[in-house]
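Shown next: data-v8.cif, containing mmCIF, C-alpha atoms.
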data_model
loop_
_atom_site.label_atom_id
_atom_site.label_comp_id
_atom_site.auth_asym_id
_atom_site.auth_seq_id
_atom_site.Cartn_x
_atom_site.Cartn_y
_atom_site.Cartn_z
CA MET A 1 59.72 86.36 112.93
CA ALA A 2 63.22 86.59 111.48
CA ARG A 3 63.60 85.74 107.83
CA SER A 4 65.60 82.57 108.52
CA ALA A 5 63.50 81.44 111.49
CA TRP A 6 60.94 79.39 109.60
CA THR A 7 58.88 77.32 112.02
CA SER A 8 57.85 73.78 111.16
CA GLN A 9 54.26 74.98 110.90
CA ALA A 10 55.22 77.73 108.45
CA ARG A 11 57.19 75.30 106.28
CA VAL A 12 54.30 72.83 106.21
CA ALA A 13 51.93 75.63 105.24
CA ALA A 14 54.24 76.72 102.39
CA LEU A 15 54.62 73.19 101.05
CA THR A 16 50.89 72.52 101.35
CA THR A 17 50.36 75.55 99.13
CA ILE A 18 52.56 73.91 96.50
CA ALA A 19 50.56 70.71 96.85
CA ALA A 20 47.44 72.72 96.09
CA GLY A 21 49.01 73.82 92.80
CA ALA A 22 50.35 77.30 93.65
CA LEU A 23 53.89 78.37 92.68
CA LEU A 24 56.12 79.27 95.63
CA ILE A 25 57.84 82.64 96.16
CA GLY A 26 57.53 83.75 92.56
CA THR A 27 59.52 80.91 90.98
CA ASN A 28 57.76 80.13 87.74
CA ILE A 29 57.31 76.90 85.79
CA THR A 30 55.38 77.01 82.53
CA ALA A 31 53.63 73.74 81.70
CA THR A 32 53.30 73.51 77.93
CA THR A 33 51.57 70.16 78.22
CA GLN A 34 49.46 68.55 80.90
CA ALA A 35 51.61 66.75 83.50
CA PRO A 36 51.52 62.95 83.23
CA ASP A 37 50.14 60.92 86.13
CA THR A 38 53.64 60.30 87.46
CA ALA A 39 54.53 64.00 87.52
CA ALA A 40 51.24 64.76 89.25
CA ALA A 41 51.93 62.02 91.81
CA LEU A 42 55.35 63.51 92.51
CA SER A 43 54.04 67.05 92.96
CA GLY A 44 53.12 68.31 96.41
CA GLY A 45 54.49 68.76 99.90
CA TRP A 46 56.39 65.95 101.63
CA LYS A 47 57.59 65.38 105.21
CA LEU A 48 60.57 63.14 106.05
CA ASN A 49 59.65 59.91 107.84
CA GLU A 50 62.90 59.08 109.66
CA ASP A 51 61.56 55.85 111.17
CA ALA A 52 60.91 54.46 107.68
CA SER A 53 64.17 55.81 106.22
CA VAL A 54 67.63 54.24 106.11
CA ASN A 55 70.55 56.52 107.01
CA PRO A 56 68.73 59.62 105.70
CA ASN A 57 71.66 62.01 106.32
CA GLY A 58 74.62 59.85 105.38
CA PRO A 59 77.55 58.62 107.53
CA GLY A 60 77.62 60.12 110.99
CA GLY A 61 74.52 62.23 110.31
CA ARG A 62 71.30 62.43 112.27
CA GLY A 63 69.45 59.15 111.79
CA ALA A 64 72.59 57.27 110.67
CA ALA A 65 71.69 54.19 112.70
CA ALA A 66 68.08 54.11 111.57
CA ARG A 67 66.44 50.74 110.90
CA GLY A 68 69.13 48.19 111.57
CA GLY A 69 72.78 47.95 110.58
CA GLY A 70 72.45 48.65 106.86
CA GLY A 71 72.23 52.41 107.36
CA GLY A 72 75.24 52.50 109.64
CA ARG A 73 77.88 51.42 107.15
CA GLY A 74 80.65 53.98 107.29
CA GLY A 75 78.88 55.67 110.23
CA GLY A 76 82.13 56.47 112.01
CA MET A 77 83.37 58.78 109.26
CA SER A 78 82.63 62.50 109.20
CA GLY A 79 83.91 62.87 105.65
CA PRO A 80 86.07 61.18 103.01
CA PRO A 81 89.86 61.10 103.34
CA PRO A 82 91.95 63.16 100.90
CA GLY A 83 92.65 61.41 97.63
CA GLY A 84 94.02 61.86 94.15
CA ASP A 85 95.38 65.26 93.27
CA LEU A 86 92.85 67.30 95.22
CA GLY A 87 94.36 70.12 97.24
CA ARG A 88 93.13 71.54 100.54
CA GLU A 89 90.65 74.02 99.03
CA GLU A 90 89.38 71.42 96.57
CA MET A 91 88.77 68.98 99.43
CA GLN A 92 86.90 71.69 101.32
CA ARG A 93 84.61 72.21 98.33
CA PHE A 94 84.26 68.43 97.91
CA ASN A 95 83.17 68.01 101.53
CA ALA A 96 80.86 71.03 101.37
CA HIS A 97 79.05 69.56 98.34
CA LEU A 98 78.96 66.12 99.95
CA ALA A 99 77.37 67.54 103.11
CA LEU A 100 74.89 69.55 101.02
CA PHE A 101 73.54 66.55 99.12
CA ARG A 102 73.67 64.14 102.07
CA GLN A 103 71.54 66.45 104.20
CA ALA A 104 67.92 65.34 103.93
CA PRO A 105 65.41 68.19 103.90
CA ALA A 106 62.88 67.65 106.70
CA LEU A 107 60.24 69.06 104.38
CA LEU A 108 60.34 68.82 100.59
CA GLY A 109 58.22 70.64 98.03
CA ILE A 110 57.93 69.46 94.42
CA GLN A 111 56.10 70.91 91.43
CA ALA A 112 56.56 68.70 88.36
CA THR A 113 55.32 68.57 84.78
CA ALA A 114 56.34 66.39 81.84
CA LYS A 115 59.10 68.88 80.98
CA ASP A 116 60.03 70.76 84.17
CA VAL A 117 60.53 70.20 87.86
CA LEU A 118 60.90 72.55 90.82
CA LEU A 119 62.45 71.11 94.01
CA ILE A 120 62.17 73.13 97.22
CA HIS A 121 64.45 71.89 100.01
CA ASP A 122 63.81 75.06 102.01
CA PRO A 123 61.16 77.72 101.25
CA ASP A 124 63.44 80.58 102.38
CA PRO A 125 65.04 81.91 99.15
CA ALA A 126 68.00 83.21 101.17
CA ARG A 127 69.11 79.62 101.78
CA GLY A 128 69.58 78.92 98.06
CA LEU A 129 67.90 75.51 98.27
CA ILE A 130 65.30 75.93 95.53
CA TYR A 131 66.19 74.08 92.33
CA LYS A 132 64.53 74.49 88.94
CA HIS A 133 65.29 71.97 86.19
CA THR A 134 64.17 70.91 82.75
CA THR A 135 63.86 67.13 82.41
CA ASP A 136 65.60 66.80 79.03
CA ASN A 137 68.74 65.05 80.40
CA LYS A 138 70.92 67.87 79.04
CA LYS A 139 73.84 69.05 81.16
CA SER A 140 73.46 72.45 82.78
CA THR A 141 75.51 74.33 85.36
CA LEU A 142 73.81 75.32 88.58
CA PRO A 143 75.18 77.59 91.34
CA THR A 144 75.01 76.30 94.93
CA ALA A 145 76.22 77.56 98.30
CA ALA A 146 79.17 75.14 97.98
CA GLY A 147 80.05 76.13 94.41
CA PRO A 148 78.79 75.35 90.89
CA ILE A 149 77.67 71.87 89.89
CA ASP A 150 76.91 70.14 86.60
CA ILE A 151 73.51 68.47 86.60
CA ARG A 152 71.30 66.35 84.35
CA VAL A 153 67.65 65.62 85.14
CA LYS A 154 65.32 63.20 83.39
CA TRP A 155 62.29 61.00 83.81
CA ASP A 156 63.11 57.28 83.96
CA GLY A 157 59.70 55.69 83.80
CA LYS A 158 57.95 56.61 87.05
CA THR A 159 61.19 57.87 88.60
CA LEU A 160 62.73 61.35 88.45
CA ARG A 161 66.52 61.05 88.26
CA ARG A 162 69.06 63.80 89.08
CA GLU A 163 72.72 63.22 88.21
CA ILE A 164 75.05 65.75 89.84
CA GLU A 165 78.79 66.13 89.37
CA THR A 166 81.34 68.63 90.66
CA LYS A 167 84.71 69.50 89.18
CA GLU A 168 86.26 67.78 92.22
CA THR A 169 84.73 64.51 90.83
CA LEU A 170 81.99 64.09 93.40
CA LYS A 171 79.07 62.34 91.71
CA VAL A 172 75.63 62.18 93.28
CA ILE A 173 72.68 60.25 91.84
CA GLU A 174 69.25 60.96 93.32
CA GLU A 175 66.10 59.09 92.34
CA TYR A 176 62.59 60.21 93.33
CA THR A 177 59.85 57.57 93.10
CA PRO A 178 56.27 58.06 94.34
CA SER A 179 54.41 55.09 95.79
CA ALA A 180 51.57 53.51 93.83
CA ASP A 181 48.96 55.13 96.09
CA GLY A 182 50.69 58.54 95.99
CA LYS A 183 50.95 58.76 99.79
CA GLN A 184 54.72 58.29 100.05
CA LEU A 185 57.83 59.31 98.15
CA VAL A 186 61.07 57.30 98.19
CA VAL A 187 64.31 59.18 97.50
CA THR A 188 67.54 57.20 97.08
CA VAL A 189 70.94 58.92 97.14
CA LYS A 190 74.19 57.40 95.87
CA THR A 191 77.56 59.15 96.12
CA SER A 192 80.87 58.26 94.45
CA SER A 193 84.11 59.81 93.24
CA THR A 194 86.95 58.86 90.92
CA MET A 195 89.50 60.71 93.07
CA VAL A 196 88.32 60.34 96.67
CA ARG A 197 87.86 57.02 98.43
CA MET A 198 84.43 56.69 100.06
CA PRO A 199 82.82 53.64 101.68
CA PRO A 200 79.57 52.40 100.15
CA VAL A 201 76.65 54.06 101.90
CA GLU A 202 72.95 53.26 101.67
CA ILE A 203 70.73 56.35 101.87
CA THR A 204 66.99 55.86 101.39
CA ARG A 205 64.69 58.67 102.43
CA VAL A 206 60.99 58.02 102.83
CA TYR A 207 58.62 61.00 102.76
CA ASP A 208 54.94 61.12 103.70
CA ARG A 209 52.63 63.39 101.76
CA VAL A 210 51.66 66.55 103.64
CA GLN A 211 47.88 66.91 103.69
#

Kindly transcribe the structure held in the file into structure tokens.
Amino acid sequence: MARSAWTSQARVAALTTIAAGALLIGTNITATTQAPDTAAALSGGWKLNEDASVNPNGPGGRGAAARGGGGGRGGGMSGPPPGGDLGREEMQRFNAHLALFRQAPALLGIQATAKDVLLIHDPDPARGLIYKHTTDNKKSTLPTAAGPIDIRVKWDGKTLRREIETKETLKVIEEYTPSADGKQLVVTVKTSSTMVRMPPVEITRVYDRVQ
């Protein structure tokens, strides 16, 4: 099998391994303290439930019309119009980052402790979709396929919050909240910009735990 040709079964197997407590593809998180109940509830392998989600991939994306009209707001747009002082290359980077964070991973792996979190949007390291963070709410710079981003990550009660910003003023806020019974994970995504006009979009992704 080619390196990039991960089958759904292979991805589920990889994420189930994470759920069992193993670290994936050599990426290492050192837990200096025992993970709190919330971090333990967040950890594991998750599969996107599109029927329960609202607009999981943003305007015009797959599943944009899911569950009524709320998810379809702005559905006719493929991307934001140019705005502010952004030039052509800046707008290309803006749209590349926007597409990156509006694309819902079909399978999601999480390994969390009180101080660290590892998010796996794709288990193939060649895709560059494995993110390691400390949850101290301090700004750090992270490389992505679309260019570097500034990011802050913290625990907000039972919710893990990621705040992402690019130099083109795209701001993305993601919140990860496990259900009380630990069987589902709700991820909300909000996007905004001070330089580019974007319609309000509701993105709520619901994930089922992979057993």

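Note on the selection: in this file the PyMOL selection byres ((chain A and resi 144-152) around 8) comes out as Arg93, Ala96, His97, Leu100, Gly128, Leu129, Thr135, Asp136, Asn137, Lys138, Lys139, Ser140, Thr141, Leu142, Pro143, Val153, Lys154, Arg162, Glu163, Ile164, Glu165, Thr166 and Lys167 of chain A.
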
Let me see the file: selected residues, C-alpha atoms, as a PDB file, in the coordinates of the input.
ATOM      1  CA  ARG A  93      84.610  72.210  98.330  1.00  0.00           C
ATOM      2  CA  ALA A  96      80.860  71.030 101.370  1.00  0.00           C
ATOM      3  CA  HIS A  97      79.050  69.560  98.340  1.00  0.00           C
ATOM      4  CA  LEU A 100      74.890  69.550 101.020  1.00  0.00           C
ATOM      5  CA  GLY A 128      69.580  78.920  98.060  1.00  0.00           C
ATOM      6  CA  LEU A 129      67.900  75.510  98.270  1.00  0.00           C
ATOM      7  CA  THR A 135      63.860  67.130  82.410  1.00  0.00           C
ATOM      8  CA  ASP A 136      65.600  66.800  79.030  1.00  0.00           C
ATOM      9  CA  ASN A 137      68.740  65.050  80.400  1.00  0.00           C
ATOM     10  CA  LYS A 138      70.920  67.870  79.040  1.00  0.00           C
ATOM     11  CA  LYS A 139      73.840  69.050  81.160  1.00  0.00           C
ATOM     12  CA  SER A 140      73.460  72.450  82.780  1.00  0.00           C
ATOM     13  CA  THR A 141      75.510  74.330  85.360  1.00  0.00           C
ATOM     14  CA  LEU A 142      73.810  75.320  88.580  1.00  0.00           C
ATOM     15  CA  PRO A 143      75.180  77.590  91.340  1.00  0.00           C
ATOM     16  CA  VAL A 153      67.650  65.620  85.140  1.00  0.00           C
ATOM     17  CA  LYS A 154      65.320  63.200  83.390  1.00  0.00           C
ATOM     18  CA  ARG A 162      69.060  63.800  89.080  1.00  0.00           C
ATOM     19  CA  GLU A 163      72.720  63.220  88.210  1.00  0.00           C
ATOM     20  CA  ILE A 164      75.050  65.750  89.840  1.00  0.00           C
ATOM     21  CA  GLU A 165      78.790  66.130  89.370  1.00  0.00           C
ATOM     22  CA  THR A 166      81.340  68.630  90.660  1.00  0.00           C
ATOM     23  CA  LYS A 167      84.710  69.500  89.180  1.00  0.00           C
TER      24      LYS A 167
END

Explicit residues for the PyMOL selection byres ((chain A and resi 185) around 8) (as a compact mmCIF listing (two decimals) with C-alpha atoms, in the frame of the given file):
# COMPACT_ATOMS: atom_id res chain seq x y z
CA LEU A 42 55.35 63.51 92.51
CA TRP A 46 56.39 65.95 101.63
CA TYR A 176 62.59 60.21 93.33
CA THR A 177 59.85 57.57 93.10
CA PRO A 178 56.27 58.06 94.34
CA SER A 179 54.41 55.09 95.79
CA GLY A 182 50.69 58.54 95.99
CA LYS A 183 50.95 58.76 99.79
CA GLN A 184 54.72 58.29 100.05
CA VAL A 186 61.07 57.30 98.19
CA VAL A 187 64.31 59.18 97.50
CA VAL A 206 60.99 58.02 102.83
CA TYR A 207 58.62 61.00 102.76
CA ASP A 208 54.94 61.12 103.70
CA ARG A 209 52.63 63.39 101.76

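Proximity to A:Ile203 at 6 Å, evaluated using all atoms listed in the file and with sequence-adjacent residues fewer than 5 positions away removed, yields Val54, Asn55, Pro56, Thr188 and Val189 of chain A.
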
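Computed from the coordinates, the atom CA of A:Ala40 to atom CA of A:Asn57 distance equals 26.8 Å.
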
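Of the listed residues (A:Leu107, A:Ala114, A:Met198, A:Ala99), A:Ala114 comes nearest to A:Asp156; the distances count only C-alpha atoms.
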
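Nearest residue to A:Val117 among A:Ala104, A:Ala39, A:Ala180, A:Leu48 is A:Ala39, counting all atoms listed in the file.
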
Point to revise | Between atom CA of A:Thr113 and atom CA of A:Ile130, distance in Å (one decimal) | key: 16.4 Å

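Candidate residues A:Lys132, A:Arg102, A:Lys115, A:Arg88 were compared for distance to A:Gly58, and the nearest is A:Arg102, using only C-alpha atoms.
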
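Between atom CA of A:Gln103 and atom CA of A:Leu160 lies a distance of 18.8 Å.
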
Exercise for review: Tell me which residues the PyMOL selection byres ((chain A and resi 120) around 9) grabs here, as JSON, numbers by chain.
Suggested key: {"A": [15, 24, 105, 107, 108, 109, 110, 111, 118, 119, 121, 122, 123, 129, 130, 131, 132]}

Review point. Out of A:Ala41, A:Ala112, A:Ala52, A:Met195, which residue has the shortest atom-to-atom distance to A:Asp85 when counting all atoms listed in the file?
Key: A:Met195

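For the residues A:Thr204, A:Thr159, A:Thr169, A:Asn95, ranking by smallest atom-to-atom distance to A:Thr38 using only C-alpha atoms places A:Thr159 first.
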
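Residue nearest A:Ser192 within the list A:Arg161, A:Phe94, A:Arg205, A:Asp124: A:Phe94 [criterion: smallest interatomic distance, all atoms listed in the file].
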
All heavy atoms are what I want for stretch 182-193 of chain A; can you complete it accordingly and write them as a JSON list (two decimals), keeping the file's coordinate frame?
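Result written to selection23.json:
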[["chain", "number", "residue", "atom", "x", "y", "z"],
["A", 182, "GLY", "N", 50.41, 57.11, 95.94],
["A", 182, "GLY", "CA", 50.69, 58.54, 95.99],
["A", 182, "GLY", "C", 50.86, 59.11, 97.38],
["A", 182, "GLY", "O", 51.02, 60.32, 97.54],
["A", 183, "LYS", "N", 50.88, 58.26, 98.41],
["A", 183, "LYS", "CA", 50.95, 58.76, 99.79],
["A", 183, "LYS", "C", 52.38, 58.88, 100.30],
["A", 183, "LYS", "O", 52.62, 59.53, 101.31],
["A", 183, "LYS", "CB", 50.15, 57.84, 100.71],
["A", 183, "LYS", "CG", 48.64, 57.87, 100.43],
["A", 183, "LYS", "CD", 47.89, 56.98, 101.41],
["A", 183, "LYS", "CE", 46.39, 57.03, 101.14],
["A", 183, "LYS", "NZ", 45.62, 56.17, 102.08],
["A", 184, "GLN", "N", 53.33, 58.22, 99.62],
["A", 184, "GLN", "CA", 54.72, 58.29, 100.05],
["A", 184, "GLN", "C", 55.63, 58.53, 98.85],
["A", 184, "GLN", "O", 55.27, 58.25, 97.70],
["A", 184, "GLN", "CB", 55.14, 57.01, 100.77],
["A", 184, "GLN", "CG", 54.59, 56.88, 102.18],
["A", 184, "GLN", "CD", 55.25, 55.75, 102.96],
["A", 184, "GLN", "OE1", 55.52, 54.69, 102.43],
["A", 184, "GLN", "NE2", 55.51, 56.01, 104.24],
["A", 185, "LEU", "N", 56.80, 59.06, 99.15],
["A", 185, "LEU", "CA", 57.83, 59.31, 98.15],
["A", 185, "LEU", "C", 59.13, 58.70, 98.66],
["A", 185, "LEU", "O", 59.52, 58.92, 99.81],
["A", 185, "LEU", "CB", 58.01, 60.81, 97.95],
["A", 185, "LEU", "CG", 59.18, 61.27, 97.07],
["A", 185, "LEU", "CD1", 58.95, 60.85, 95.62],
["A", 185, "LEU", "CD2", 59.36, 62.78, 97.17],
["A", 186, "VAL", "N", 59.80, 57.90, 97.83],
["A", 186, "VAL", "CA", 61.07, 57.30, 98.19],
["A", 186, "VAL", "C", 62.18, 57.99, 97.40],
["A", 186, "VAL", "O", 62.12, 58.07, 96.17],
["A", 186, "VAL", "CB", 61.09, 55.78, 97.90],
["A", 186, "VAL", "CG1", 62.46, 55.19, 98.21],
["A", 186, "VAL", "CG2", 60.02, 55.08, 98.74],
["A", 187, "VAL", "N", 63.17, 58.51, 98.11],
["A", 187, "VAL", "CA", 64.31, 59.18, 97.50],
["A", 187, "VAL", "C", 65.57, 58.40, 97.85],
["A", 187, "VAL", "O", 65.90, 58.24, 99.02],
["A", 187, "VAL", "CB", 64.45, 60.63, 97.99],
["A", 187, "VAL", "CG1", 65.63, 61.32, 97.29],
["A", 187, "VAL", "CG2", 63.16, 61.42, 97.75],
["A", 188, "THR", "N", 66.27, 57.87, 96.85],
["A", 188, "THR", "CA", 67.54, 57.20, 97.08],
["A", 188, "THR", "C", 68.68, 58.12, 96.66],
["A", 188, "THR", "O", 68.56, 58.87, 95.68],
["A", 188, "THR", "CB", 67.65, 55.87, 96.32],
["A", 188, "THR", "OG1", 67.55, 56.11, 94.90],
["A", 188, "THR", "CG2", 66.52, 54.92, 96.74],
["A", 189, "VAL", "N", 69.78, 58.07, 97.41],
["A", 189, "VAL", "CA", 70.94, 58.92, 97.14],
["A", 189, "VAL", "C", 72.18, 58.04, 97.10],
["A", 189, "VAL", "O", 72.45, 57.29, 98.04],
["A", 189, "VAL", "CB", 71.11, 60.00, 98.23],
["A", 189, "VAL", "CG1", 72.29, 60.90, 97.90],
["A", 189, "VAL", "CG2", 69.83, 60.83, 98.38],
["A", 190, "LYS", "N", 72.94, 58.14, 96.00],
["A", 190, "LYS", "CA", 74.19, 57.40, 95.87],
["A", 190, "LYS", "C", 75.31, 58.40, 95.59],
["A", 190, "LYS", "O", 75.16, 59.28, 94.74],
["A", 190, "LYS", "CB", 74.10, 56.38, 94.74],
["A", 190, "LYS", "CG", 73.04, 55.30, 94.96],
["A", 190, "LYS", "CD", 72.97, 54.34, 93.79],
["A", 190, "LYS", "CE", 71.89, 53.28, 94.01],
["A", 190, "LYS", "NZ", 71.78, 52.35, 92.86],
["A", 191, "THR", "N", 76.43, 58.25, 96.30],
["A", 191, "THR", "CA", 77.56, 59.15, 96.12],
["A", 191, "THR", "C", 78.81, 58.35, 95.75],
["A", 191, "THR", "O", 79.02, 57.24, 96.24],
["A", 191, "THR", "CB", 77.84, 59.95, 97.41],
["A", 191, "THR", "OG1", 78.03, 59.04, 98.51],
["A", 191, "THR", "CG2", 76.68, 60.88, 97.74],
["A", 192, "SER", "N", 79.63, 58.93, 94.86],
["A", 192, "SER", "CA", 80.87, 58.26, 94.45],
["A", 192, "SER", "C", 81.84, 59.32, 93.96],
["A", 192, "SER", "O", 81.49, 60.49, 93.77],
["A", 192, "SER", "CB", 80.59, 57.23, 93.34],
["A", 192, "SER", "OG", 80.07, 57.87, 92.18],
["A", 193, "SER", "N", 83.09, 58.90, 93.75],
["A", 193, "SER", "CA", 84.11, 59.81, 93.24],
["A", 193, "SER", "C", 85.21, 58.98, 92.59],
["A", 193, "SER", "O", 85.53, 57.89, 93.05],
["A", 193, "SER", "CB", 84.70, 60.66, 94.37],
["A", 193, "SER", "OG", 85.81, 61.41, 93.92]]
